[in-house]
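Novice: Handing over query18.txt, compact mmCIF, N, CA, C and O atoms.
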```
# COMPACT_ATOMS: atom_id res chain seq x y z
N MET A 1094 33.38 -135.60 -80.04
CA MET A 1094 33.74 -136.27 -78.83
C MET A 1094 35.21 -136.61 -78.94
O MET A 1094 35.62 -137.26 -79.89
N GLY A 1095 36.01 -136.20 -77.99
CA GLY A 1095 37.43 -136.51 -78.02
C GLY A 1095 37.82 -137.33 -76.80
O GLY A 1095 38.01 -136.78 -75.73
N VAL A 1096 37.93 -138.62 -76.95
CA VAL A 1096 38.24 -139.51 -75.84
C VAL A 1096 39.42 -140.37 -76.23
O VAL A 1096 39.44 -140.96 -77.30
N LYS A 1097 40.44 -140.41 -75.36
CA LYS A 1097 41.59 -141.27 -75.64
C LYS A 1097 41.15 -142.73 -75.60
O LYS A 1097 40.35 -143.12 -74.75
N PRO A 1098 41.69 -143.56 -76.49
CA PRO A 1098 41.30 -144.97 -76.54
C PRO A 1098 41.92 -145.78 -75.40
O PRO A 1098 42.90 -146.47 -75.57
N LEU A 1099 41.34 -145.69 -74.20
CA LEU A 1099 41.87 -146.41 -73.05
C LEU A 1099 41.21 -147.77 -72.87
O LEU A 1099 41.53 -148.48 -71.93
N GLN A 1100 40.26 -148.09 -73.75
CA GLN A 1100 39.58 -149.38 -73.69
C GLN A 1100 38.85 -149.58 -72.36
O GLN A 1100 38.80 -150.68 -71.84
N GLN A 1101 38.30 -148.49 -71.81
CA GLN A 1101 37.55 -148.60 -70.57
C GLN A 1101 36.05 -148.42 -70.79
O GLN A 1101 35.28 -148.41 -69.85
N GLY A 1102 35.64 -148.25 -72.03
CA GLY A 1102 34.23 -148.13 -72.32
C GLY A 1102 33.65 -146.75 -72.11
O GLY A 1102 32.44 -146.56 -72.17
N ILE A 1103 34.51 -145.77 -71.86
CA ILE A 1103 34.03 -144.41 -71.61
C ILE A 1103 33.34 -143.84 -72.85
O ILE A 1103 32.28 -143.23 -72.74
N ALA A 1104 33.92 -144.04 -74.00
CA ALA A 1104 33.33 -143.51 -75.24
C ALA A 1104 31.95 -144.12 -75.48
O ALA A 1104 31.01 -143.41 -75.85
N ARG A 1105 31.81 -145.40 -75.25
CA ARG A 1105 30.51 -146.06 -75.42
C ARG A 1105 29.49 -145.51 -74.43
O ARG A 1105 28.32 -145.33 -74.75
N GLN A 1106 29.92 -145.25 -73.20
CA GLN A 1106 29.03 -144.70 -72.19
C GLN A 1106 28.58 -143.29 -72.57
O GLN A 1106 27.40 -142.94 -72.41
N LEU A 1107 29.50 -142.47 -73.05
CA LEU A 1107 29.15 -141.12 -73.48
C LEU A 1107 28.19 -141.14 -74.66
O LEU A 1107 27.23 -140.37 -74.72
N LEU A 1108 28.44 -142.03 -75.60
CA LEU A 1108 27.58 -142.17 -76.76
C LEU A 1108 26.17 -142.59 -76.34
O LEU A 1108 25.17 -142.03 -76.80
N ALA A 1109 26.09 -143.55 -75.44
CA ALA A 1109 24.79 -144.02 -74.94
C ALA A 1109 24.06 -142.90 -74.21
O ALA A 1109 22.83 -142.75 -74.35
N ALA A 1110 24.78 -142.08 -73.46
CA ALA A 1110 24.16 -140.97 -72.74
C ALA A 1110 23.60 -139.94 -73.73
O ALA A 1110 22.50 -139.41 -73.52
N CYS A 1111 24.33 -139.68 -74.81
CA CYS A 1111 23.84 -138.76 -75.84
C CYS A 1111 22.58 -139.31 -76.50
O CYS A 1111 21.61 -138.57 -76.74
N GLU A 1112 22.58 -140.58 -76.79
CA GLU A 1112 21.42 -141.22 -77.41
C GLU A 1112 20.21 -141.15 -76.47
O GLU A 1112 19.09 -140.85 -76.91
N ASP A 1113 20.42 -141.41 -75.19
CA ASP A 1113 19.33 -141.34 -74.21
C ASP A 1113 18.76 -139.92 -74.15
O ASP A 1113 17.54 -139.74 -74.07
N LEU A 1114 19.62 -138.93 -74.19
CA LEU A 1114 19.17 -137.54 -74.15
C LEU A 1114 18.30 -137.21 -75.36
O LEU A 1114 17.24 -136.61 -75.22
N VAL A 1115 18.73 -137.64 -76.54
CA VAL A 1115 17.95 -137.39 -77.75
C VAL A 1115 16.57 -138.04 -77.65
O VAL A 1115 15.55 -137.43 -77.97
N VAL A 1116 16.52 -139.28 -77.18
CA VAL A 1116 15.24 -139.98 -77.03
C VAL A 1116 14.36 -139.24 -76.01
O VAL A 1116 13.17 -139.03 -76.24
N ASN A 1117 14.94 -138.83 -74.88
CA ASN A 1117 14.17 -138.14 -73.85
C ASN A 1117 13.63 -136.79 -74.33
O ASN A 1117 12.61 -136.31 -73.82
N LEU A 1118 14.29 -136.19 -75.30
CA LEU A 1118 13.84 -134.92 -75.87
C LEU A 1118 12.87 -135.13 -77.02
O LEU A 1118 12.43 -134.17 -77.65
N GLY A 1119 12.54 -136.38 -77.33
CA GLY A 1119 11.57 -136.68 -78.36
C GLY A 1119 12.16 -136.94 -79.73
O GLY A 1119 11.43 -137.05 -80.72
N GLY A 1120 13.47 -137.05 -79.82
CA GLY A 1120 14.11 -137.28 -81.11
C GLY A 1120 13.99 -138.71 -81.59
O GLY A 1120 13.77 -139.63 -80.80
N VAL A 1121 14.13 -138.87 -82.89
CA VAL A 1121 14.05 -140.19 -83.52
C VAL A 1121 15.43 -140.65 -83.97
O VAL A 1121 15.79 -141.81 -83.80
N ASN A 1122 16.18 -139.74 -84.56
CA ASN A 1122 17.49 -140.05 -85.13
C ASN A 1122 18.57 -139.21 -84.47
O ASN A 1122 18.29 -138.11 -84.00
N ILE A 1123 19.77 -139.72 -84.48
CA ILE A 1123 20.91 -138.96 -84.01
C ILE A 1123 21.97 -139.00 -85.12
O ILE A 1123 22.16 -140.03 -85.78
N TYR A 1124 22.60 -137.87 -85.35
CA TYR A 1124 23.60 -137.73 -86.41
C TYR A 1124 24.92 -137.29 -85.81
O TYR A 1124 24.94 -136.58 -84.80
N LEU A 1125 26.00 -137.69 -86.45
CA LEU A 1125 27.32 -137.23 -86.04
C LEU A 1125 28.26 -137.24 -87.24
O LEU A 1125 28.00 -137.89 -88.24
N HIS A 1126 29.31 -136.45 -87.12
CA HIS A 1126 30.38 -136.46 -88.12
C HIS A 1126 31.60 -137.14 -87.51
O HIS A 1126 31.88 -136.99 -86.33
N VAL A 1127 32.32 -137.86 -88.34
CA VAL A 1127 33.56 -138.50 -87.94
C VAL A 1127 34.55 -138.32 -89.08
O VAL A 1127 34.18 -138.33 -90.25
N ARG A 1128 35.81 -138.13 -88.74
CA ARG A 1128 36.84 -138.02 -89.77
C ARG A 1128 37.00 -139.36 -90.48
O ARG A 1128 37.02 -140.42 -89.84
N GLU A 1129 37.11 -139.29 -91.78
CA GLU A 1129 37.27 -140.51 -92.58
C GLU A 1129 38.49 -141.31 -92.13
O GLU A 1129 38.48 -142.54 -92.14
N SER A 1130 39.53 -140.62 -91.68
CA SER A 1130 40.77 -141.28 -91.29
C SER A 1130 40.75 -141.85 -89.88
O SER A 1130 41.66 -142.57 -89.49
N ASP A 1131 39.73 -141.56 -89.09
CA ASP A 1131 39.66 -142.01 -87.70
C ASP A 1131 38.99 -143.37 -87.62
O ASP A 1131 37.81 -143.50 -87.30
N GLN A 1132 39.76 -144.40 -87.89
CA GLN A 1132 39.23 -145.76 -87.95
C GLN A 1132 38.67 -146.23 -86.61
O GLN A 1132 37.66 -146.95 -86.57
N ALA A 1133 39.31 -145.85 -85.51
CA ALA A 1133 38.84 -146.29 -84.19
C ALA A 1133 37.45 -145.72 -83.90
O ALA A 1133 36.55 -146.46 -83.46
N ALA A 1134 37.26 -144.45 -84.15
CA ALA A 1134 35.95 -143.83 -83.91
C ALA A 1134 34.89 -144.40 -84.86
O ALA A 1134 33.77 -144.69 -84.44
N ARG A 1135 35.26 -144.57 -86.12
CA ARG A 1135 34.31 -145.15 -87.07
C ARG A 1135 33.87 -146.54 -86.62
O ARG A 1135 32.69 -146.89 -86.71
N GLY A 1136 34.80 -147.34 -86.15
CA GLY A 1136 34.47 -148.66 -85.66
C GLY A 1136 33.54 -148.62 -84.46
O GLY A 1136 32.58 -149.40 -84.36
N LEU A 1137 33.78 -147.67 -83.55
CA LEU A 1137 32.91 -147.49 -82.39
C LEU A 1137 31.50 -147.18 -82.82
O LEU A 1137 30.54 -147.81 -82.35
N TYR A 1138 31.35 -146.22 -83.73
CA TYR A 1138 30.02 -145.81 -84.17
C TYR A 1138 29.33 -146.92 -84.96
O TYR A 1138 28.13 -147.15 -84.77
N GLU A 1139 30.05 -147.61 -85.81
CA GLU A 1139 29.45 -148.71 -86.57
C GLU A 1139 29.01 -149.83 -85.63
O GLU A 1139 27.91 -150.37 -85.80
N ASP A 1140 29.82 -150.14 -84.63
CA ASP A 1140 29.44 -151.17 -83.65
C ASP A 1140 28.20 -150.76 -82.87
O ASP A 1140 27.43 -151.63 -82.43
N ALA A 1141 28.00 -149.45 -82.70
CA ALA A 1141 26.84 -148.94 -81.95
C ALA A 1141 25.60 -148.81 -82.83
O ALA A 1141 24.55 -148.40 -82.35
N GLY A 1142 25.73 -149.15 -84.12
CA GLY A 1142 24.56 -149.15 -84.99
C GLY A 1142 24.42 -147.95 -85.91
O GLY A 1142 23.39 -147.78 -86.57
N TYR A 1143 25.42 -147.10 -85.98
CA TYR A 1143 25.38 -145.94 -86.88
C TYR A 1143 25.71 -146.39 -88.29
O TYR A 1143 26.54 -147.29 -88.49
N ILE A 1144 25.06 -145.76 -89.26
CA ILE A 1144 25.33 -146.07 -90.66
C ILE A 1144 25.75 -144.79 -91.39
O ILE A 1144 25.32 -143.69 -91.04
N GLN A 1145 26.58 -144.95 -92.38
CA GLN A 1145 27.07 -143.81 -93.15
C GLN A 1145 25.96 -143.25 -94.02
O GLN A 1145 25.27 -143.98 -94.72
N GLN A 1146 25.80 -141.93 -93.97
CA GLN A 1146 24.80 -141.24 -94.77
C GLN A 1146 25.43 -140.53 -95.96
O GLN A 1146 24.89 -140.55 -97.05
N SER A 1147 26.56 -139.87 -95.73
CA SER A 1147 27.23 -139.14 -96.79
C SER A 1147 28.67 -138.86 -96.39
O SER A 1147 29.06 -139.05 -95.24
N THR A 1148 29.44 -138.38 -97.36
CA THR A 1148 30.83 -138.00 -97.14
C THR A 1148 31.03 -136.63 -97.74
O THR A 1148 30.41 -136.28 -98.75
N ASP A 1149 31.90 -135.83 -97.10
CA ASP A 1149 32.21 -134.51 -97.65
C ASP A 1149 32.61 -134.63 -99.11
O ASP A 1149 33.28 -135.59 -99.51
N GLY A 1150 32.24 -133.65 -99.89
CA GLY A 1150 32.56 -133.63 -101.30
C GLY A 1150 33.98 -133.21 -101.59
O GLY A 1150 34.78 -132.94 -100.70
N LEU A 1151 34.29 -133.12 -102.85
CA LEU A 1151 35.63 -132.77 -103.31
C LEU A 1151 36.07 -131.41 -102.81
O LEU A 1151 37.21 -131.23 -102.39
N PHE A 1152 35.17 -130.42 -102.80
CA PHE A 1152 35.52 -129.07 -102.35
C PHE A 1152 36.03 -129.11 -100.91
O PHE A 1152 37.06 -128.53 -100.59
N ALA A 1153 35.32 -129.79 -100.05
CA ALA A 1153 35.72 -129.89 -98.65
C ALA A 1153 37.03 -130.65 -98.50
O ALA A 1153 37.83 -130.36 -97.62
N THR A 1154 37.23 -131.62 -99.36
CA THR A 1154 38.47 -132.41 -99.31
C THR A 1154 39.67 -131.56 -99.69
O THR A 1154 40.72 -131.61 -99.05
N ILE A 1155 39.52 -130.75 -100.72
CA ILE A 1155 40.64 -129.93 -101.20
C ILE A 1155 40.93 -128.79 -100.24
O ILE A 1155 42.08 -128.51 -99.92
N PHE A 1156 39.88 -128.13 -99.75
CA PHE A 1156 40.07 -126.92 -98.95
C PHE A 1156 39.93 -127.15 -97.46
O PHE A 1156 40.20 -126.27 -96.66
N GLY A 1157 39.51 -128.32 -97.06
CA GLY A 1157 39.41 -128.63 -95.63
C GLY A 1157 40.78 -128.90 -95.05
O GLY A 1157 41.63 -129.48 -95.70
N ASP A 1158 40.98 -128.49 -93.83
CA ASP A 1158 42.30 -128.66 -93.23
C ASP A 1158 42.42 -129.92 -92.36
O ASP A 1158 43.49 -130.23 -91.88
N GLN A 1159 41.33 -130.65 -92.20
CA GLN A 1159 41.39 -131.82 -91.34
C GLN A 1159 40.89 -133.09 -92.02
O GLN A 1159 40.57 -134.06 -91.36
N GLY A 1160 40.79 -133.09 -93.30
CA GLY A 1160 40.37 -134.28 -94.01
C GLY A 1160 38.87 -134.40 -94.14
O GLY A 1160 38.10 -133.62 -93.59
N ARG A 1161 38.46 -135.39 -94.90
CA ARG A 1161 37.04 -135.61 -95.18
C ARG A 1161 36.31 -136.10 -93.94
O ARG A 1161 36.85 -136.84 -93.13
N ARG A 1162 35.05 -135.69 -93.86
CA ARG A 1162 34.19 -136.14 -92.78
C ARG A 1162 33.11 -137.05 -93.35
O ARG A 1162 32.68 -136.90 -94.48
N ILE A 1163 32.69 -137.98 -92.52
CA ILE A 1163 31.58 -138.87 -92.85
C ILE A 1163 30.43 -138.51 -91.92
O ILE A 1163 30.62 -138.38 -90.71
N LEU A 1164 29.25 -138.32 -92.50
CA LEU A 1164 28.05 -138.11 -91.71
C LEU A 1164 27.43 -139.47 -91.43
O LEU A 1164 27.18 -140.24 -92.37
N MET A 1165 27.22 -139.77 -90.15
CA MET A 1165 26.64 -141.04 -89.76
C MET A 1165 25.33 -140.79 -89.01
O MET A 1165 25.16 -139.76 -88.37
N CYS A 1166 24.43 -141.77 -89.08
CA CYS A 1166 23.11 -141.64 -88.47
C CYS A 1166 22.71 -142.95 -87.80
O CYS A 1166 23.07 -144.03 -88.25
N LYS A 1167 21.94 -142.81 -86.73
CA LYS A 1167 21.36 -143.97 -86.07
C LYS A 1167 19.91 -143.65 -85.75
O LYS A 1167 19.60 -142.61 -85.18
N GLN A 1168 19.02 -144.57 -86.11
CA GLN A 1168 17.62 -144.42 -85.76
C GLN A 1168 17.45 -144.94 -84.34
O GLN A 1168 17.78 -146.09 -84.04
N LEU A 1169 16.95 -144.08 -83.46
CA LEU A 1169 16.83 -144.44 -82.06
C LEU A 1169 15.46 -145.01 -81.71
O LEU A 1169 15.34 -145.79 -80.77
N ARG A 1170 14.45 -144.60 -82.45
CA ARG A 1170 13.11 -145.14 -82.21
C ARG A 1170 12.24 -144.84 -83.41
O ARG A 1170 12.60 -144.05 -84.27
N THR A 1171 11.11 -145.50 -83.45
CA THR A 1171 10.15 -145.27 -84.51
C THR A 1171 8.86 -144.76 -83.90
O THR A 1171 8.66 -144.85 -82.69
N GLY A 1172 8.01 -144.23 -84.73
CA GLY A 1172 6.71 -143.77 -84.25
C GLY A 1172 6.33 -142.45 -84.84
O GLY A 1172 7.17 -141.61 -85.12
N SER A 1173 5.04 -142.25 -85.02
CA SER A 1173 4.55 -141.04 -85.66
C SER A 1173 4.58 -139.84 -84.73
O SER A 1173 4.49 -138.70 -85.19
N ASN A 1174 4.69 -140.02 -83.41
CA ASN A 1174 4.72 -138.91 -82.47
C ASN A 1174 6.12 -138.36 -82.26
O ASN A 1174 6.32 -137.40 -81.53
N ALA A 1175 7.09 -138.98 -82.87
CA ALA A 1175 8.47 -138.58 -82.65
C ALA A 1175 8.83 -137.35 -83.46
O ALA A 1175 8.32 -137.12 -84.54
N ILE A 1176 9.72 -136.55 -82.90
CA ILE A 1176 10.24 -135.37 -83.58
C ILE A 1176 11.41 -135.80 -84.44
O ILE A 1176 12.31 -136.51 -83.98
N LEU A 1177 11.45 -135.38 -85.70
CA LEU A 1177 12.54 -135.78 -86.58
C LEU A 1177 13.76 -134.99 -86.35
O LEU A 1177 13.95 -133.95 -86.16
```
Please express what this file holds, its structure, as structure tokens.
Specialist:
Amino acid sequence: MGVKPLQQGIARQLLAACEDLVVNLGGVNIYLHVRESDQAARGLYEDAGYIQQSTDGLFATIFGDQGRRILMCKQLRTGSNAIL
């Protein structure tokens, strides 16, 4: 998601729409990658309830051209009928 930080809540609205779509499709969790250096985006996702799952390893750091990525996850619902 590439949204300029205009402080108008557009990024939060887009994120909420993505989460709603995942729930409507039967999903339980939603995952995303964010650049380790993108503090504004990381703050947005953390405020929305996403937690860090993993970070790119050394190989990706050395040979990646855009820096390390963090994999983040948010549990959207619980239940045995949900698709993982």
Novice: If we count only N, CA, C and O atoms, what is near Val1127 (chain A) at a cut-off of 7 Å, once residues fewer than 5 positions away on the same chain are taken out, given as a CSV table (one decimal) with N, CA, C and O atoms, in the coordinates of the input?
Specialist:
```csv
chain,number,residue,atom,x,y,z
A,1134,ALA,N,37.3,-144.4,-84.2
A,1134,ALA,CA,36.0,-143.8,-83.9
A,1134,ALA,C,34.9,-144.4,-84.9
A,1134,ALA,O,33.8,-144.7,-84.4
A,1135,ARG,N,35.3,-144.6,-86.1
A,1135,ARG,CA,34.3,-145.2,-87.1
A,1135,ARG,C,33.9,-146.5,-86.6
A,1135,ARG,O,32.7,-146.9,-86.7
A,1160,GLY,N,40.8,-133.1,-93.3
A,1160,GLY,CA,40.4,-134.3,-94.0
A,1160,GLY,C,38.9,-134.4,-94.1
A,1160,GLY,O,38.1,-133.6,-93.6
A,1161,ARG,N,38.5,-135.4,-94.9
A,1161,ARG,CA,37.0,-135.6,-95.2
A,1161,ARG,C,36.3,-136.1,-93.9
A,1161,ARG,O,36.8,-136.8,-93.1
A,1162,ARG,N,35.0,-135.7,-93.9
A,1162,ARG,CA,34.2,-136.1,-92.8
A,1162,ARG,C,33.1,-137.0,-93.4
A,1162,ARG,O,32.7,-136.9,-94.5
A,1163,ILE,N,32.7,-138.0,-92.5
A,1163,ILE,CA,31.6,-138.9,-92.8
A,1163,ILE,C,30.4,-138.5,-91.9
A,1163,ILE,O,30.6,-138.4,-90.7
A,1164,LEU,N,29.2,-138.3,-92.5
A,1164,LEU,CA,28.0,-138.1,-91.7
A,1164,LEU,C,27.4,-139.5,-91.4
A,1164,LEU,O,27.2,-140.2,-92.4
A,1165,MET,N,27.2,-139.8,-90.2
A,1165,MET,CA,26.6,-141.0,-89.8
A,1165,MET,C,25.3,-140.8,-89.0
A,1165,MET,O,25.2,-139.8,-88.4
```
Novice: Which residues in region 1095-1129 of chain A does DSSP call strand (DSSP E)? List them as a PDB file with N, CA, C and O atoms, keeping the file's coordinate frame.
Specialist:
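Okay, this is what ended up in result00.pdb:
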```pdb
ATOM      1  N   ASN A1122      16.180-139.740 -84.560  1.00  0.00           N
ATOM      2  CA  ASN A1122      17.490-140.050 -85.130  1.00  0.00           C
ATOM      3  C   ASN A1122      18.570-139.210 -84.470  1.00  0.00           C
ATOM      4  O   ASN A1122      18.290-138.110 -84.000  1.00  0.00           O
ATOM      5  N   ILE A1123      19.770-139.720 -84.480  1.00  0.00           N
ATOM      6  CA  ILE A1123      20.910-138.960 -84.010  1.00  0.00           C
ATOM      7  C   ILE A1123      21.970-139.000 -85.120  1.00  0.00           C
ATOM      8  O   ILE A1123      22.160-140.030 -85.780  1.00  0.00           O
ATOM      9  N   TYR A1124      22.600-137.870 -85.350  1.00  0.00           N
ATOM     10  CA  TYR A1124      23.600-137.730 -86.410  1.00  0.00           C
ATOM     11  C   TYR A1124      24.920-137.290 -85.810  1.00  0.00           C
ATOM     12  O   TYR A1124      24.940-136.580 -84.800  1.00  0.00           O
ATOM     13  N   LEU A1125      26.000-137.690 -86.450  1.00  0.00           N
ATOM     14  CA  LEU A1125      27.320-137.230 -86.040  1.00  0.00           C
ATOM     15  C   LEU A1125      28.260-137.240 -87.240  1.00  0.00           C
ATOM     16  O   LEU A1125      28.000-137.890 -88.240  1.00  0.00           O
ATOM     17  N   HIS A1126      29.310-136.450 -87.120  1.00  0.00           N
ATOM     18  CA  HIS A1126      30.380-136.460 -88.120  1.00  0.00           C
ATOM     19  C   HIS A1126      31.600-137.140 -87.510  1.00  0.00           C
ATOM     20  O   HIS A1126      31.880-136.990 -86.330  1.00  0.00           O
ATOM     21  N   VAL A1127      32.320-137.860 -88.340  1.00  0.00           N
ATOM     22  CA  VAL A1127      33.560-138.500 -87.940  1.00  0.00           C
ATOM     23  C   VAL A1127      34.550-138.320 -89.080  1.00  0.00           C
ATOM     24  O   VAL A1127      34.180-138.330 -90.250  1.00  0.00           O
ATOM     25  N   ARG A1128      35.810-138.130 -88.740  1.00  0.00           N
ATOM     26  CA  ARG A1128      36.840-138.020 -89.770  1.00  0.00           C
ATOM     27  C   ARG A1128      37.000-139.360 -90.480  1.00  0.00           C
ATOM     28  O   ARG A1128      37.020-140.420 -89.840  1.00  0.00           O
TER      29      ARG A1128
END
```
Novice: Kindly give the distance, in Å, that separates CA of Arg1128 (chain A) and CA of Ile1144 (chain A), rounded to a single decimal.
Specialist: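 Taking CA of Arg1128 (chain A) and CA of Ile1144 (chain A), their separation equals 14.1 Å.
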Novice: Show which residues sit within 12 Å of Asn1122 (chain A), as an NGL selection string. Count only C-alpha atoms, and ignore same-chain residues fewer than 3 positions away.
Specialist: :A and (1111-1119 or 1125 or 1142-1144 or 1165-1172 or 1175-1177)
Novice: Hey, can you check how far CA of Ala1109 (chain A) sits from CA of Val1121 (chain A)?
Specialist: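 Between these atoms lies a distance of 14.3 Å.
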Novice: Smallest atom-to-atom distance to Gln1106 (chain A): which of A:Gln1159, A:Ser1130, A:Tyr1124, A:Ala1141, using only C-alpha atoms?
Specialist: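 For Gln1106 (chain A), the nearest of the candidates is A:Ala1141.
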Novice: Atom O of Gln1145 (chain A) and atom O of Asp1131 (chain A) are how many Å apart?
Specialist: 14.6 Å
